Amino acid sequence: MADSKQLYQEVILDHNKKPRNWGTLADATHKAEGVNPLCGDHIHLSVKLSDDKVEAISFEGESCAICKASASMMTGTVKGKSRADAEQMVQEFRDMATGKLDPAGPHHLGRLTVFAGVRDLPTRVKCAILPWHTLHAAFTGSMSTSTESDADPMHAPIGGA
């Protein structure tokens, strides 16, 4: 257990200090803004879909280390995936972060399971899932999403869930 917590902390620190896919895409086909007013997280996500695959993706904004690390790892993981596969990962990540998905069971999250422990930090769950819900918002044509709106991503279903 101590090893997984140490790995979690190392991953968060690394991706916070050196976020991958940071910036904006001039030729983005989909964009969305995500806000977590309780923490102050505010990110902008740019996605370029080509033949229904994530050809390029980037993010920028002001956020806590957990949100930035989650966005950094998410962008690296969904790049090259189909939109449907990326949406499945959105659902799986949300379920893992909220304790509904056992990371030891079947899933498509790979290294993202390092975030499984966030379920034990209820005040940080929304920080970790904000980038994922912002990706979902971009895919569905919503220009923005918030963790405190009527469609709070903690309670609103995604896809067929």
# chains A, B, ... in the order shown; residues from 1 in each chain; ligands from 1
call {"tool": "residues_around", "arguments": {"residues": "His108 in chain A", "least_positions_apart": "5", "cutoff": "12 Å", "atoms": "only C-alpha atoms", "output": "list in words"}}
result
Thr77, Val78, Lys81, Asp85, Ala86, Glu87, Gln88, Met89, Val90, Gln91, Glu92, Phe93, Met96, Leu101, Asp102, Pro103 and Thr113 of chain A
call {"tool": "write_last_selection", "arguments": {"atoms": "C-alpha atoms", "output": "mmCIF file, in the first residue's frame"}}
result
data_model
loop_
_atom_site.group_PDB
_atom_site.id
_atom_site.type_symbol
_atom_site.label_atom_id
_atom_site.label_comp_id
_atom_site.auth_asym_id
_atom_site.auth_seq_id
_atom_site.Cartn_x
_atom_site.Cartn_y
_atom_site.Cartn_z
ATOM 1 C CA THR A 77 -3.484 8.053 -23.157
ATOM 2 C CA VAL A 78 -6.364 9.025 -25.462
ATOM 3 C CA LYS A 81 -7.648 6.284 -29.739
ATOM 4 C CA ASP A 85 -12.592 4.164 -26.931
ATOM 5 C CA ALA A 86 -11.824 7.549 -25.361
ATOM 6 C CA GLU A 87 -15.440 7.871 -24.154
ATOM 7 C CA GLN A 88 -15.206 4.388 -22.630
ATOM 8 C CA MET A 89 -12.080 5.510 -20.782
ATOM 9 C CA VAL A 90 -13.930 8.619 -19.530
ATOM 10 C CA GLN A 91 -16.558 6.360 -17.966
ATOM 11 C CA GLU A 92 -14.028 3.913 -16.559
ATOM 12 C CA PHE A 93 -11.864 6.658 -15.051
ATOM 13 C CA MET A 96 -12.549 4.154 -10.723
ATOM 14 C CA LEU A 101 -14.706 0.248 -10.731
ATOM 15 C CA ASP A 102 -12.207 -2.108 -9.140
ATOM 16 C CA PRO A 103 -8.821 -1.330 -10.709
ATOM 17 C CA THR A 113 -4.910 3.176 -12.264
#
call {"tool": "select_by_dssp", "arguments": {"residues": "chain A", "states": "alpha helix (DSSP H)", "output": "ChimeraX atom specification"}}
result
/A:2-17,65-78,83-97,122-140
call {"tool": "residues_around", "arguments": {"residues": "Lys18 in chain A", "least_positions_apart": "3", "cutoff": "12 Å", "atoms": "only C-alpha atoms", "output": "mmCIF file with N, CA and C atoms, in the first residue's frame"}}
result
data_model
loop_
_atom_site.group_PDB
_atom_site.id
_atom_site.type_symbol
_atom_site.label_atom_id
_atom_site.label_comp_id
_atom_site.auth_asym_id
_atom_site.auth_seq_id
_atom_site.Cartn_x
_atom_site.Cartn_y
_atom_site.Cartn_z
ATOM 1 N N GLU A 10 4.588 10.437 -6.747
ATOM 2 C CA GLU A 10 5.635 10.698 -7.739
ATOM 3 C C GLU A 10 5.030 11.061 -9.100
ATOM 4 N N VAL A 11 3.999 10.336 -9.488
ATOM 5 C CA VAL A 11 3.347 10.597 -10.774
ATOM 6 C C VAL A 11 2.708 11.984 -10.770
ATOM 7 N N ILE A 12 1.999 12.306 -9.686
ATOM 8 C CA ILE A 12 1.358 13.621 -9.579
ATOM 9 C C ILE A 12 2.407 14.725 -9.681
ATOM 10 N N LEU A 13 3.482 14.601 -8.934
ATOM 11 C CA LEU A 13 4.524 15.631 -8.937
ATOM 12 C C LEU A 13 5.179 15.766 -10.304
ATOM 13 N N ASP A 14 5.462 14.637 -10.949
ATOM 14 C CA ASP A 14 6.113 14.667 -12.259
ATOM 15 C C ASP A 14 5.226 15.343 -13.304
ATOM 16 N N HIS A 15 3.968 14.942 -13.388
ATOM 17 C CA HIS A 15 3.074 15.511 -14.391
ATOM 18 C C HIS A 15 2.662 16.941 -14.061
ATOM 19 N N ASN A 21 1.536 17.480 -23.321
ATOM 20 C CA ASN A 21 0.491 18.010 -24.207
ATOM 21 C C ASN A 21 -0.090 19.334 -23.704
ATOM 22 N N TRP A 22 0.765 20.175 -23.154
ATOM 23 C CA TRP A 22 0.367 21.487 -22.637
ATOM 24 C C TRP A 22 0.282 22.474 -23.787
ATOM 25 N N ALA A 65 -2.440 20.267 -8.613
ATOM 26 C CA ALA A 65 -1.528 19.236 -9.119
ATOM 27 C C ALA A 65 -2.275 17.981 -9.571
ATOM 28 N N LYS A 68 -4.008 18.719 -12.949
ATOM 29 C CA LYS A 68 -3.018 18.861 -14.021
ATOM 30 C C LYS A 68 -2.413 17.508 -14.389
ATOM 31 N N ALA A 69 -2.105 16.695 -13.387
ATOM 32 C CA ALA A 69 -1.539 15.373 -13.655
ATOM 33 C C ALA A 69 -2.558 14.486 -14.367
ATOM 34 N N ALA A 71 -5.021 15.489 -16.312
ATOM 35 C CA ALA A 71 -5.142 15.991 -17.686
ATOM 36 C C ALA A 71 -3.936 15.575 -18.521
ATOM 37 N N SER A 72 -2.768 15.669 -17.945
ATOM 38 C CA SER A 72 -1.545 15.310 -18.652
ATOM 39 C C SER A 72 -1.555 13.835 -19.049
ATOM 40 N N MET A 73 -1.885 12.971 -18.103
ATOM 41 C CA MET A 73 -1.918 11.536 -18.399
ATOM 42 C C MET A 73 -3.071 11.189 -19.336
#
call {"tool": "closest_atom_pairs", "arguments": {"of": "range 3-79 of chain A", "to": "range 132-137 of chain A", "cutoff": "12 Å", "atoms": "only C-alpha atoms", "output": "CSV"}}
result
residue,atom,partner,partner_atom,distance
A:His30,CA,A:Leu135,CA,9.0
A:Lys31,CA,A:Ala137,CA,8.2
A:Ala32,CA,A:Thr134,CA,6.0
A:Glu33,CA,A:Thr134,CA,6.3
A:Gly34,CA,A:Thr134,CA,5.2
A:Val35,CA,A:Thr134,CA,8.6
A:Asn36,CA,A:Thr134,CA,10.8
A:Asp41,CA,A:Thr134,CA,11.7
A:His42,CA,A:Thr134,CA,10.2
A:Ile43,CA,A:Thr134,CA,8.2
A:His44,CA,A:Thr134,CA,8.0
A:Leu45,CA,A:Thr134,CA,6.9
A:Ser46,CA,A:Leu135,CA,8.6
A:Val47,CA,A:Leu135,CA,8.2
A:Lys48,CA,A:Leu135,CA,11.5
A:Leu49,CA,A:Leu135,CA,11.9
A:Val54,CA,A:Leu135,CA,10.9
A:Ile57,CA,A:Leu135,CA,9.5
A:Ser58,CA,A:Leu135,CA,10.4
A:Phe59,CA,A:Leu135,CA,10.0
A:Glu60,CA,A:Thr134,CA,11.9
A:Cys67,CA,A:Trp132,CA,9.8
A:Lys68,CA,A:Trp132,CA,11.4
A:Ala69,CA,A:Trp132,CA,11.7
A:Ser70,CA,A:Trp132,CA,8.2
A:Ala71,CA,A:Trp132,CA,7.4
A:Ser72,CA,A:Trp132,CA,10.8
A:Met73,CA,A:Trp132,CA,10.5
A:Met74,CA,A:Trp132,CA,7.3
A:Thr75,CA,A:Leu135,CA,9.3
A:Thr77,CA,A:Trp132,CA,11.4
A:Val78,CA,A:Leu135,CA,9.9
A:Lys79,CA,A:Leu135,CA,11.8
call {"tool": "select_by_dssp", "arguments": {"residues": "chain A", "states": "strand (DSSP E or B)", "output": "ChimeraX atom specification"}}
result
/A:22,30-36,41-50,53-62,82,144-146
call {"tool": "atom_distance", "arguments": {"atom1": "CA of His107 in chain A", "atom2": "CA of Val125 in chain A"}}
result
18.9 Å
